[in-house]
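Engineer: Next comes data_32.csv, CSV, C-alpha atoms:
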```
chain,number,residue,atom,x,y,z
F,7,MET,CA,-105.9,-151.4,124.2
F,8,TYR,CA,-108.7,-149.2,125.4
F,9,GLY,CA,-106.6,-147.6,128.1
F,10,ALA,CA,-104.6,-146.0,125.3
F,11,LEU,CA,-107.3,-145.3,122.8
F,12,LEU,CA,-109.9,-143.9,125.2
F,13,ASN,CA,-107.4,-141.4,126.6
F,14,GLY,CA,-106.0,-139.9,123.4
F,15,ALA,CA,-102.7,-142.0,123.5
F,16,THR,CA,-101.1,-144.0,120.7
F,17,LEU,CA,-101.5,-147.7,120.9
F,18,VAL,CA,-98.3,-149.5,119.9
F,19,VAL,CA,-98.4,-153.2,119.2
F,20,VAL,CA,-95.1,-154.9,119.9
F,21,PRO,CA,-94.0,-157.6,117.3
F,22,LYS,CA,-93.4,-161.0,118.9
F,23,GLU,CA,-89.8,-161.1,117.7
F,24,THR,CA,-89.1,-157.7,119.3
F,25,ALA,CA,-90.7,-158.7,122.6
F,26,GLN,CA,-88.5,-161.9,122.8
F,27,ASN,CA,-85.2,-159.9,122.4
F,28,GLY,CA,-84.4,-157.8,125.4
F,29,HIS,CA,-81.8,-155.6,123.5
F,30,VAL,CA,-84.1,-155.0,120.5
F,31,PHE,CA,-87.1,-154.4,122.8
F,32,TYR,CA,-85.2,-151.6,124.6
F,33,ASP,CA,-84.5,-150.0,121.2
F,34,PHE,CA,-88.2,-150.3,120.5
F,35,LEU,CA,-89.2,-148.5,123.7
F,36,GLN,CA,-86.7,-145.7,122.9
F,37,LYS,CA,-87.7,-145.3,119.3
F,38,GLU,CA,-91.5,-145.3,119.9
F,39,LYS,CA,-91.1,-143.1,123.0
F,40,ILE,CA,-93.3,-145.5,125.0
F,41,THR,CA,-94.8,-143.8,128.1
F,42,VAL,CA,-96.9,-146.6,129.6
F,43,LEU,CA,-95.4,-150.1,129.6
F,44,ASN,CA,-97.3,-153.3,130.5
F,45,GLN,CA,-95.1,-156.3,131.2
F,46,THR,CA,-94.9,-159.7,133.0
F,47,PRO,CA,-92.1,-159.5,135.6
F,48,THR,CA,-90.1,-162.3,133.9
F,49,ALA,CA,-90.2,-160.6,130.5
F,50,PHE,CA,-89.2,-157.3,132.0
F,51,ARG,CA,-86.3,-158.8,134.0
F,52,SER,CA,-85.0,-160.3,130.7
F,53,MET,CA,-85.1,-156.9,129.0
F,54,LEU,CA,-83.5,-155.3,132.1
F,55,GLN,CA,-80.7,-157.8,132.2
F,56,ALA,CA,-80.0,-157.4,128.5
F,57,SER,CA,-80.0,-153.5,128.6
F,58,GLU,CA,-79.3,-152.5,132.2
F,59,ALA,CA,-76.0,-150.7,131.2
F,60,ARG,CA,-78.0,-148.5,128.7
F,61,LEU,CA,-80.5,-147.1,131.3
F,62,SER,CA,-78.2,-144.2,132.3
F,63,ALA,CA,-77.3,-143.4,128.7
F,64,SER,CA,-77.7,-139.9,127.2
F,65,SER,CA,-81.0,-140.8,125.5
F,66,PRO,CA,-83.1,-142.1,128.4
F,67,LEU,CA,-86.5,-143.9,128.0
F,68,SER,CA,-89.8,-142.0,128.2
F,69,VAL,CA,-91.6,-144.5,130.4
F,70,ARG,CA,-93.8,-142.8,133.0
F,71,TYR,CA,-95.8,-145.8,134.1
F,72,LEU,CA,-94.4,-149.4,134.4
F,73,ILE,CA,-97.3,-151.8,135.1
F,74,PHE,CA,-96.8,-155.5,136.0
F,75,GLY,CA,-99.3,-158.4,135.9
F,76,GLY,CA,-99.5,-162.1,134.9
F,77,GLU,CA,-97.3,-163.5,137.7
F,78,ALA,CA,-95.7,-162.8,141.1
F,79,LEU,CA,-93.5,-159.8,141.2
F,80,MET,CA,-90.5,-159.7,143.5
F,81,PRO,CA,-89.8,-155.9,143.6
F,82,GLY,CA,-86.1,-156.3,144.3
F,83,ILE,CA,-85.3,-156.8,140.6
F,84,LEU,CA,-86.5,-153.2,139.9
F,85,ALA,CA,-83.8,-151.4,141.9
F,86,PRO,CA,-81.6,-150.6,138.8
F,87,TRP,CA,-84.7,-149.3,136.9
F,88,LYS,CA,-85.9,-147.1,139.8
F,89,LYS,CA,-82.4,-145.7,140.2
F,90,ALA,CA,-82.2,-144.8,136.5
F,91,LEU,CA,-85.8,-143.6,136.1
F,92,PRO,CA,-86.8,-142.3,139.6
F,93,ALA,CA,-89.9,-140.4,138.2
F,94,CYS,CA,-91.4,-143.5,136.6
F,95,ARG,CA,-94.3,-144.9,138.7
F,96,ILE,CA,-94.2,-148.7,139.2
F,97,ILE,CA,-97.6,-150.5,139.6
F,98,ASN,CA,-98.1,-154.1,140.5
F,99,MET,CA,-101.5,-155.5,139.6
F,100,TYR,CA,-103.0,-158.9,140.5
F,101,GLY,CA,-105.8,-160.4,138.4
F,102,ILE,CA,-107.4,-163.5,136.9
F,103,THR,CA,-109.2,-164.1,133.7
F,104,GLU,CA,-112.3,-165.4,135.6
F,105,THR,CA,-112.6,-162.0,137.3
F,106,THR,CA,-112.1,-159.9,134.1
F,107,VAL,CA,-108.4,-159.6,134.6
F,108,HIS,CA,-107.5,-156.9,137.1
F,109,VAL,CA,-108.4,-157.2,140.8
F,110,THR,CA,-105.9,-155.4,142.9
F,111,TYR,CA,-103.5,-152.4,142.6
F,112,LYS,CA,-100.2,-151.6,144.4
F,113,GLU,CA,-97.7,-148.8,143.7
F,114,ILE,CA,-94.2,-150.0,144.3
F,115,THR,CA,-92.1,-147.5,146.2
F,116,GLU,CA,-88.6,-147.7,147.8
F,117,ALA,CA,-90.2,-149.5,150.8
F,118,GLU,CA,-91.5,-152.3,148.6
F,119,LEU,CA,-88.1,-152.5,146.8
F,120,ALA,CA,-86.4,-153.0,150.2
F,121,GLY,CA,-88.9,-155.5,151.5
F,122,ASN,CA,-88.9,-157.5,148.3
F,123,GLN,CA,-92.3,-159.1,149.0
F,124,SER,CA,-94.9,-160.0,146.3
F,125,ASN,CA,-97.2,-157.2,147.5
F,126,ILE,CA,-100.4,-157.1,145.4
F,127,GLY,CA,-101.9,-154.2,147.3
F,128,PHE,CA,-105.7,-153.8,147.8
F,129,PRO,CA,-108.8,-154.2,145.5
F,130,ILE,CA,-109.6,-151.7,142.8
F,131,PRO,CA,-113.0,-150.0,142.8
F,132,THR,CA,-116.0,-152.3,142.2
F,133,MET,CA,-113.9,-155.4,143.3
F,134,SER,CA,-113.5,-157.0,146.8
F,135,CYS,CA,-111.0,-159.6,148.1
F,136,TYR,CA,-111.2,-162.0,151.0
F,137,VAL,CA,-108.5,-164.3,152.4
F,138,LEU,CA,-110.3,-167.4,153.7
F,139,ASP,CA,-109.7,-170.8,155.2
F,140,ALA,CA,-111.0,-174.1,154.0
F,141,ASP,CA,-114.4,-173.4,155.6
F,142,LEU,CA,-114.7,-170.0,153.9
F,143,ARG,CA,-114.0,-168.1,157.2
F,144,GLN,CA,-111.7,-165.0,157.2
F,145,VAL,CA,-108.2,-165.7,158.5
F,146,PRO,CA,-106.4,-163.3,160.9
F,147,ILE,CA,-103.8,-160.8,159.6
F,148,GLY,CA,-100.6,-162.5,158.6
F,149,VAL,CA,-102.2,-166.0,158.2
F,150,ARG,CA,-102.1,-167.8,154.9
F,151,GLY,CA,-105.4,-168.5,153.2
F,152,GLU,CA,-107.1,-168.8,149.8
F,153,LEU,CA,-107.7,-165.5,148.0
F,154,CYS,CA,-111.4,-165.2,146.9
F,155,VAL,CA,-112.7,-162.4,144.7
F,156,GLY,CA,-116.1,-160.7,144.6
F,157,GLY,CA,-117.5,-157.7,142.8
F,158,ALA,CA,-118.5,-156.6,139.4
F,159,GLY,CA,-115.7,-158.3,137.5
F,160,VAL,CA,-116.6,-161.9,138.5
F,161,GLY,CA,-117.5,-164.0,135.5
F,162,ARG,CA,-120.6,-166.2,135.1
F,163,GLY,CA,-118.6,-169.5,135.0
F,164,TYR,CA,-116.9,-171.9,132.6
F,165,LEU,CA,-118.6,-172.7,129.3
F,166,ASN,CA,-120.0,-176.2,129.3
F,167,LYS,CA,-118.3,-177.1,132.6
F,168,PRO,CA,-121.0,-177.0,135.2
F,169,ALA,CA,-119.1,-179.0,137.9
F,170,LEU,CA,-116.0,-176.8,137.7
F,171,THR,CA,-118.2,-173.7,137.7
F,172,ALA,CA,-120.0,-174.8,140.8
F,173,ASP,CA,-116.7,-175.5,142.6
F,174,ARG,CA,-115.1,-172.1,141.7
F,175,PHE,CA,-118.0,-169.7,141.4
F,176,ILE,CA,-119.8,-169.7,144.7
F,177,GLY,CA,-122.2,-167.5,146.7
F,178,ASN,CA,-120.5,-164.7,148.6
F,179,PRO,CA,-121.0,-165.5,152.4
F,180,PHE,CA,-120.4,-161.8,153.3
F,181,ILE,CA,-122.7,-160.0,150.8
F,182,LYS,CA,-126.2,-161.3,150.0
F,183,ASP,CA,-127.0,-162.2,146.4
F,184,GLN,CA,-123.4,-161.7,145.2
F,185,ARG,CA,-121.1,-164.3,143.8
F,186,MET,CA,-117.5,-164.9,144.6
F,187,TYR,CA,-114.6,-166.6,142.7
F,188,ARG,CA,-112.3,-169.0,144.5
F,189,SER,CA,-109.0,-168.2,142.9
F,190,GLY,CA,-106.9,-171.1,144.0
F,191,ASP,CA,-104.2,-168.7,145.0
F,192,HIS,CA,-102.7,-168.4,148.5
F,193,ALA,CA,-102.3,-164.9,150.1
F,194,ARG,CA,-102.0,-163.3,153.4
F,195,ILE,CA,-103.1,-159.8,154.7
F,196,LEU,CA,-100.2,-157.6,155.8
F,197,SER,CA,-100.3,-155.3,158.8
F,198,ASN,CA,-100.9,-152.3,156.7
F,199,GLY,CA,-103.9,-153.9,154.9
F,200,ASP,CA,-102.1,-154.8,151.7
F,201,MET,CA,-102.0,-158.4,150.5
F,202,GLU,CA,-99.0,-160.6,149.8
F,203,TYR,CA,-99.3,-163.2,147.0
F,204,LEU,CA,-98.0,-166.6,148.2
F,205,GLY,CA,-98.5,-168.9,145.2
F,206,ARG,CA,-101.0,-171.6,144.1
F,207,ARG,CA,-102.7,-174.0,146.4
F,208,ASP,CA,-103.1,-176.7,143.8
F,209,ASP,CA,-101.1,-178.3,141.0
F,210,GLN,CA,-101.3,-175.2,138.9
F,211,VAL,CA,-98.4,-172.8,138.6
F,212,LYS,CA,-97.4,-169.8,136.6
F,213,ILE,CA,-94.2,-170.0,134.6
F,214,ARG,CA,-93.1,-166.7,132.9
F,215,GLY,CA,-96.7,-165.4,132.9
F,216,HIS,CA,-98.3,-168.6,131.6
F,217,ARG,CA,-100.7,-170.7,133.7
F,218,ILE,CA,-99.7,-174.3,133.6
F,219,GLU,CA,-101.3,-177.5,134.9
F,220,LEU,CA,-98.5,-179.8,136.0
F,221,ALA,CA,-100.6,-182.9,135.1
F,222,GLU,CA,-100.6,-181.8,131.4
F,223,VAL,CA,-96.8,-181.8,131.3
F,224,GLU,CA,-96.7,-185.2,133.1
F,225,THR,CA,-99.2,-186.6,130.5
F,226,ALA,CA,-97.0,-185.4,127.7
F,227,LEU,CA,-94.0,-187.2,129.2
F,228,LEU,CA,-95.9,-190.4,129.8
F,229,HIS,CA,-97.1,-190.2,126.1
F,230,ARG,CA,-93.6,-191.4,125.2
F,231,GLN,CA,-93.2,-195.2,125.3
F,232,GLU,CA,-89.6,-194.9,126.6
F,233,ILE,CA,-90.9,-193.2,129.8
F,234,LYS,CA,-92.3,-195.5,132.5
F,235,ASP,CA,-93.3,-192.9,135.0
F,236,ALA,CA,-92.9,-189.1,135.5
F,237,VAL,CA,-93.6,-186.4,138.0
F,238,VAL,CA,-93.3,-182.6,137.4
F,239,VAL,CA,-92.6,-180.1,140.2
F,240,PRO,CA,-92.0,-176.3,140.0
F,241,LEU,CA,-88.7,-175.2,141.5
F,242,LYS,CA,-87.5,-171.7,142.4
F,243,ASN,CA,-84.2,-170.6,141.0
F,244,ALA,CA,-81.7,-168.2,142.6
F,245,ALA,CA,-83.7,-165.2,141.2
F,246,GLY,CA,-86.9,-166.4,142.8
F,247,GLU,CA,-88.5,-167.4,139.5
F,248,TYR,CA,-90.3,-170.7,139.0
F,249,GLU,CA,-88.9,-173.3,136.6
F,250,LEU,CA,-90.3,-176.7,135.8
F,251,ALA,CA,-88.3,-179.8,136.8
F,252,ALA,CA,-89.4,-183.3,135.5
F,253,TRP,CA,-88.2,-186.5,137.1
F,254,PHE,CA,-88.8,-189.6,135.1
F,255,ILE,CA,-88.1,-193.4,135.1
F,256,PRO,CA,-86.8,-194.4,131.7
F,257,SER,CA,-87.4,-197.7,130.0
F,258,GLU,CA,-84.7,-199.8,128.3
F,259,SER,CA,-85.5,-198.1,125.0
F,260,PHE,CA,-84.7,-194.6,126.3
F,261,GLU,CA,-82.0,-193.0,124.2
F,262,ASP,CA,-81.1,-189.5,125.6
F,263,GLN,CA,-82.5,-186.4,127.0
F,264,THR,CA,-81.8,-184.3,123.9
F,265,ARG,CA,-84.1,-186.5,121.9
F,266,LEU,CA,-86.7,-186.5,124.6
F,267,ARG,CA,-86.7,-182.6,124.7
F,268,ARG,CA,-87.1,-182.5,120.9
F,269,GLN,CA,-90.1,-184.9,121.2
F,270,LEU,CA,-91.7,-182.7,123.9
F,271,THR,CA,-91.5,-179.6,121.6
F,272,GLU,CA,-94.0,-181.5,119.3
F,273,LEU,CA,-96.5,-181.9,122.1
F,274,LEU,CA,-96.1,-178.8,124.3
F,275,PRO,CA,-95.5,-175.1,123.9
F,276,ALA,CA,-92.1,-173.8,124.8
F,277,TYR,CA,-93.1,-172.4,128.2
F,278,MET,CA,-94.4,-175.9,129.3
F,279,ILE,CA,-91.2,-177.8,128.5
F,280,PRO,CA,-89.4,-178.6,131.7
F,281,THR,CA,-86.1,-176.8,132.2
F,282,PHE,CA,-84.7,-179.9,133.9
F,283,LEU,CA,-85.2,-183.5,132.8
F,284,ILE,CA,-83.9,-185.8,135.5
F,285,PRO,CA,-83.8,-189.6,135.0
F,286,LEU,CA,-84.1,-191.8,138.1
F,287,ALA,CA,-84.1,-195.5,138.7
F,288,GLN,CA,-87.0,-195.2,141.0
F,289,PHE,CA,-88.9,-192.4,142.9
F,290,PRO,CA,-88.4,-191.9,146.6
F,291,LEU,CA,-91.4,-192.9,148.7
F,292,ASN,CA,-92.5,-192.0,152.2
F,293,SER,CA,-93.6,-194.4,155.0
F,294,ASN,CA,-97.1,-194.5,153.5
F,295,GLY,CA,-95.7,-195.7,150.1
F,296,LYS,CA,-96.5,-192.3,148.5
F,297,LEU,CA,-94.2,-190.2,146.4
F,298,ASP,CA,-91.9,-188.1,148.7
F,299,LYS,CA,-91.4,-184.9,146.6
F,300,ASP,CA,-89.0,-183.5,149.3
F,301,ARG,CA,-86.5,-186.3,148.6
F,302,LEU,CA,-86.4,-185.9,144.9
F,303,PRO,CA,-82.8,-185.1,144.0
F,304,GLY,CA,-82.1,-181.6,142.8
F,305,PRO,CA,-80.9,-181.0,139.2
F,306,ASP,CA,-77.3,-180.8,140.3
F,307,GLU,CA,-77.4,-184.0,142.5
F,308,SER,CA,-79.3,-186.4,140.3
F,309,GLY,CA,-76.2,-188.4,139.4
F,310,ALA,CA,-76.9,-188.2,135.7
F,311,ASP,CA,-73.8,-188.8,133.5
F,312,PRO,CA,-72.4,-185.4,132.5
F,313,VAL,CA,-71.2,-184.7,128.9
F,314,ASP,CA,-67.4,-184.8,128.7
F,315,HIS,CA,-66.1,-181.3,129.3
F,316,VAL,CA,-64.7,-179.8,126.1
F,317,PRO,CA,-62.9,-176.5,126.6
F,318,PHE,CA,-63.1,-173.5,124.2
F,319,ARG,CA,-61.1,-173.7,120.9
F,320,HIS,CA,-60.8,-170.0,120.1
F,321,ASP,CA,-62.0,-166.5,121.0
F,322,THR,CA,-65.5,-167.0,119.5
F,323,ASP,CA,-66.1,-170.0,121.7
F,324,LYS,CA,-64.7,-168.1,124.7
F,325,LYS,CA,-67.0,-165.1,124.2
F,326,ILE,CA,-70.1,-167.3,123.8
F,327,LEU,CA,-69.2,-169.4,126.9
F,328,GLU,CA,-69.0,-166.1,128.9
F,329,ILE,CA,-72.5,-165.2,127.7
F,330,TRP,CA,-73.8,-168.6,128.7
F,331,GLU,CA,-72.1,-168.5,132.1
F,332,GLU,CA,-73.6,-165.1,132.8
F,333,ILE,CA,-77.2,-166.0,131.8
F,334,LEU,CA,-77.2,-169.5,133.2
F,335,GLU,CA,-75.3,-168.4,136.3
F,336,LYS,CA,-73.0,-171.5,136.0
F,337,GLN,CA,-69.3,-171.9,135.7
F,338,GLY,CA,-67.2,-174.5,133.9
F,339,ILE,CA,-69.4,-175.0,130.9
F,340,GLY,CA,-68.0,-176.9,128.0
F,341,ILE,CA,-68.6,-176.1,124.3
F,342,ARG,CA,-70.6,-179.4,123.8
F,343,ASP,CA,-72.8,-179.0,126.9
F,344,ASN,CA,-76.6,-178.7,126.2
F,345,PHE,CA,-78.0,-175.3,126.9
F,346,PHE,CA,-81.3,-176.7,128.2
F,347,ASP,CA,-79.7,-179.5,130.3
F,348,LEU,CA,-77.8,-176.6,132.1
F,349,GLY,CA,-81.1,-175.0,133.1
F,350,GLY,CA,-81.8,-172.9,130.0
F,351,HIS,CA,-85.3,-172.2,128.8
F,352,SER,CA,-86.9,-170.2,126.0
F,353,LEU,CA,-86.7,-166.9,127.8
F,354,LYS,CA,-83.0,-167.4,128.7
F,355,ALA,CA,-82.5,-168.4,125.1
F,356,THR,CA,-83.8,-165.0,123.9
F,357,ARG,CA,-81.3,-163.4,126.2
F,358,VAL,CA,-78.5,-165.4,124.7
F,359,VAL,CA,-79.5,-164.4,121.2
F,360,SER,CA,-79.7,-160.7,122.3
F,361,ARG,CA,-76.2,-160.8,123.9
F,362,ILE,CA,-74.8,-162.5,120.8
F,363,HIS,CA,-76.2,-159.7,118.7
F,364,GLU,CA,-74.7,-157.2,121.1
F,365,VAL,CA,-71.2,-158.8,121.2
F,366,PHE,CA,-70.8,-160.0,117.6
F,367,GLY,CA,-73.3,-157.8,115.7
F,368,ILE,CA,-74.9,-160.8,114.2
F,369,GLY,CA,-78.6,-161.6,114.3
F,370,ILE,CA,-79.4,-165.2,115.2
F,371,ASP,CA,-82.9,-166.8,115.0
F,372,LEU,CA,-84.0,-168.6,118.1
F,373,LYS,CA,-84.4,-171.8,116.0
F,374,THR,CA,-80.6,-171.8,115.5
F,375,LEU,CA,-80.2,-172.4,119.2
F,376,PHE,CA,-83.0,-174.9,119.5
F,377,ILE,CA,-81.7,-177.0,116.6
F,378,GLU,CA,-78.4,-177.8,118.4
F,379,PRO,CA,-78.1,-176.0,121.7
F,380,THR,CA,-74.4,-176.1,122.2
F,381,VAL,CA,-71.7,-173.4,122.2
F,382,GLU,CA,-69.8,-175.3,119.5
F,383,HIS,CA,-72.8,-175.1,117.1
F,384,LEU,CA,-73.4,-171.4,117.8
F,385,SER,CA,-69.7,-170.6,117.4
F,386,ASN,CA,-69.5,-172.5,114.0
F,387,TYR,CA,-72.6,-170.7,112.8
F,388,ILE,CA,-71.3,-167.2,113.8
F,389,GLU,CA,-67.9,-167.9,112.2
F,390,THR,CA,-69.7,-169.0,109.0
F,391,ILE,CA,-71.7,-165.8,108.9
F,392,GLN,CA,-68.6,-163.8,109.5
F,393,TRP,CA,-66.8,-165.6,106.7
F,394,MET,CA,-69.7,-165.0,104.3
F,395,GLU,CA,-69.7,-161.3,105.2
F,396,ASP,CA,-66.0,-160.8,104.9
F,397,LYS,CA,-65.6,-158.7,101.8
F,398,GLN,CA,-61.8,-159.2,101.9
F,399,PHE,CA,-62.2,-162.9,101.1
F,400,THR,CA,-61.2,-164.0,97.6
F,401,MET,CA,-61.3,-167.6,96.3
F,402,ALA,CA,-58.3,-169.1,94.7
F,403,GLU,CA,-58.7,-170.5,91.2
F,404,ASP,CA,-58.3,-174.1,92.2
F,405,GLU,CA,-60.8,-173.9,95.2
F,406,ASN,CA,-64.3,-175.3,95.0
F,407,GLU,CA,-67.2,-173.0,95.9
F,408,ILE,CA,-69.1,-173.8,99.1
F,409,ILE,CA,-72.8,-173.1,99.0
F,410,PHE,CA,-74.8,-172.6,102.2
```
Please lay out the structure from this file as structure tokens.
Structural biologist:
Amino acid sequence: MYGALLNGATLVVVPKETAQNGHVFYDFLQKEKITVLNQTPTAFRSMLQASEARLSASSPLSVRYLIFGGEALMPGILAPWKKALPACRIINMYGITETTVHVTYKEITEAELAGNQSNIGFPIPTMSCYVLDADLRQVPIGVRGELCVGGAGVGRGYLNKPALTADRFIGNPFIKDQRMYRSGDHARILSNGDMEYLGRRDDQVKIRGHRIELAEVETALLHRQEIKDAVVVPLKNAAGEYELAAWFIPSESFEDQTRLRRQLTELLPAYMIPTFLIPLAQFPLNSNGKLDKDRLPGPDESGADPVDHVPFRHDTDKKILEIWEEILEKQGIGIRDNFFDLGGHSLKATRVVSRIHEVFGIGIDLKTLFIEPTVEHLSNYIETIQWMEDKQFTMAEDENEIIF
């Protein structure tokens, strides 16, 4: 906000509905002539995938600075953008709320695009970073350690949480009378002095820019009487993004995963709802009798009964199936398969809505997909809208009027 207003620029607030629709968001950037764009990598990737073909159009974007933050950036996804807008400078920034947001800075060049590492660069002025072992000793170059932050941005602690404050906000062993924040993030120092972000060291993970405690998701699952036990683990998809997978042991009263997903929407925000819900008869254990997470079956090998495959009925079904297969990166989808059981989540849902608008010229609310997440339902909805908008349609005298 102040970056714009203190430098004579115009601050443009993006409506939530616009930010969730990659196609519409691209139009927004073009219309408002945005020159400095702040994004999370996942949100940007969604916009890029929805509008990549438009990057080289006759009316290019005005973006001069593309700034990332909020989650790990894998620079490889930026190749199409860099090719279309070579003059745009791309900046990756690492930061934490407890250290007044921004901590490090890295300009992404062709070298970083080729290396495709989550390079977060080096500390900005007034801040300092240390990669330490469990005894708060600096680790050698290339060795994994916990990233700790010192400097002017370090906060005073957590309100009314003295124990947590004492654990995370500690004295800086390298600078007298200065405090340091233990981030809980793993990093390593690269040979050129930059730092590479390696993820969390605890049960906290970032999904699409949101910080999530896995225990909270497990608690929500165990809140349901039909769930005996549950464990939640973040998995990386083919694009290198984290998605939540939940394995659970159902009781005899368990009905189906669609109902369970609906119940979770009443307890959790959309970004905390697991992409995969995988029922198991029992959890795999190691020799010590503890949960063996490495032996949990993957989403495609859990043995869950699939929905009977129902092929497309007509051209509308076929076009929507092609959109789903492109976004979900899966083949052989039937018109009654559940979008979320196939690996869909809220961000992928916005891409589906965007592509449907692009292909059919019809705007669909996200709720339409959440109500009944099947191709059959979407296809029927689209054909209903097309029927209502068909000005050539006339009703015969003996036909009854249908009211929607």
Engineer: Find, counting all atoms listed in the file, the residue in F:Ala251, F:Ala287, F:Met201, F:Leu170 that gets nearest to Glu224 (chain F).
Structural biologist: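 Of all the options, F:Ala251 lies closest to Glu224 (chain F).
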Engineer: Using only C-alpha atoms, find the one residue out of F:Ala226, F:Ala49, F:Ile329, F:Met7 that sits nearest to Met278 (chain F).
Structural biologist: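 Of F:Ala226, F:Ala49, F:Ile329, F:Met7, the one nearest Met278 (chain F), counting only C-alpha atoms, is F:Ala226.
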Engineer: Nearest to Ala236 (chain F) among F:His216, F:Lys299, F:Arg51, F:Lys354, with distances taken over only C-alpha atoms: which residue is it?
Structural biologist: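 Comparing F:His216, F:Lys299, F:Arg51, F:Lys354 against Ala236 (chain F), the winner is F:Lys299.
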Engineer: Give the answer as one residue: which of F:Pro285, F:Glu249, F:Glu364, F:Glu152 has the shortest atom-to-atom distance to His351 (chain F), using all atoms listed in the file?
Structural biologist: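 Closest to His351 (chain F), using all atoms listed in the file: F:Glu249.
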Engineer: So, counting all atoms listed in the file, which residue among F:Thr225, F:Ser360, F:Asn122, F:Ser352 is closest to Tyr32 (chain F)?
Structural biologist: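 Under the stated criterion, the closest residue is F:Ser360.
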Engineer: Check the smallest atom-to-atom distance from each of F:Lys234, F:His383, F:His29, F:Arg143 to Val365 (chain F) using all atoms listed in the file, then report the winner.
Structural biologist: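 Once distances to Val365 (chain F) are computed over all atoms listed in the file, the minimum belongs to F:His29.
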Engineer: Using all atoms listed in the file, determine which residues lie at most 6 Å from Ile126 (chain F), disregarding the query and same-chain residues fewer than 5 positions distant; provide the list as a list in words.
Structural biologist: Tyr100, Lys112, Met201 and Glu202 of chain F
Engineer: Could you tell me how far CA of Arg150 (chain F) sits from CA of Leu204 (chain F), in Å to one decimal place?
Structural biologist: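 CA of Arg150 (chain F) lies at a distance of 7.9 Å from CA of Leu204 (chain F).
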Engineer: Might you pull out every residue within 12 Å of Gly161 (chain F), with only C-alpha atoms counted and same-chain residues fewer than 5 positions away left off, and present them as a PyMOL selection string?
Structural biologist: chain F and resi 102-107+155-156+171+174-176+184-188
Engineer: Please report the interatomic distance between CA of Arg60 (chain F) and CA of Lys373 (chain F) in Å with one decimal.
Structural biologist: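 Separating CA of Arg60 (chain F) from CA of Lys373 (chain F) is a distance of 27.3 Å.
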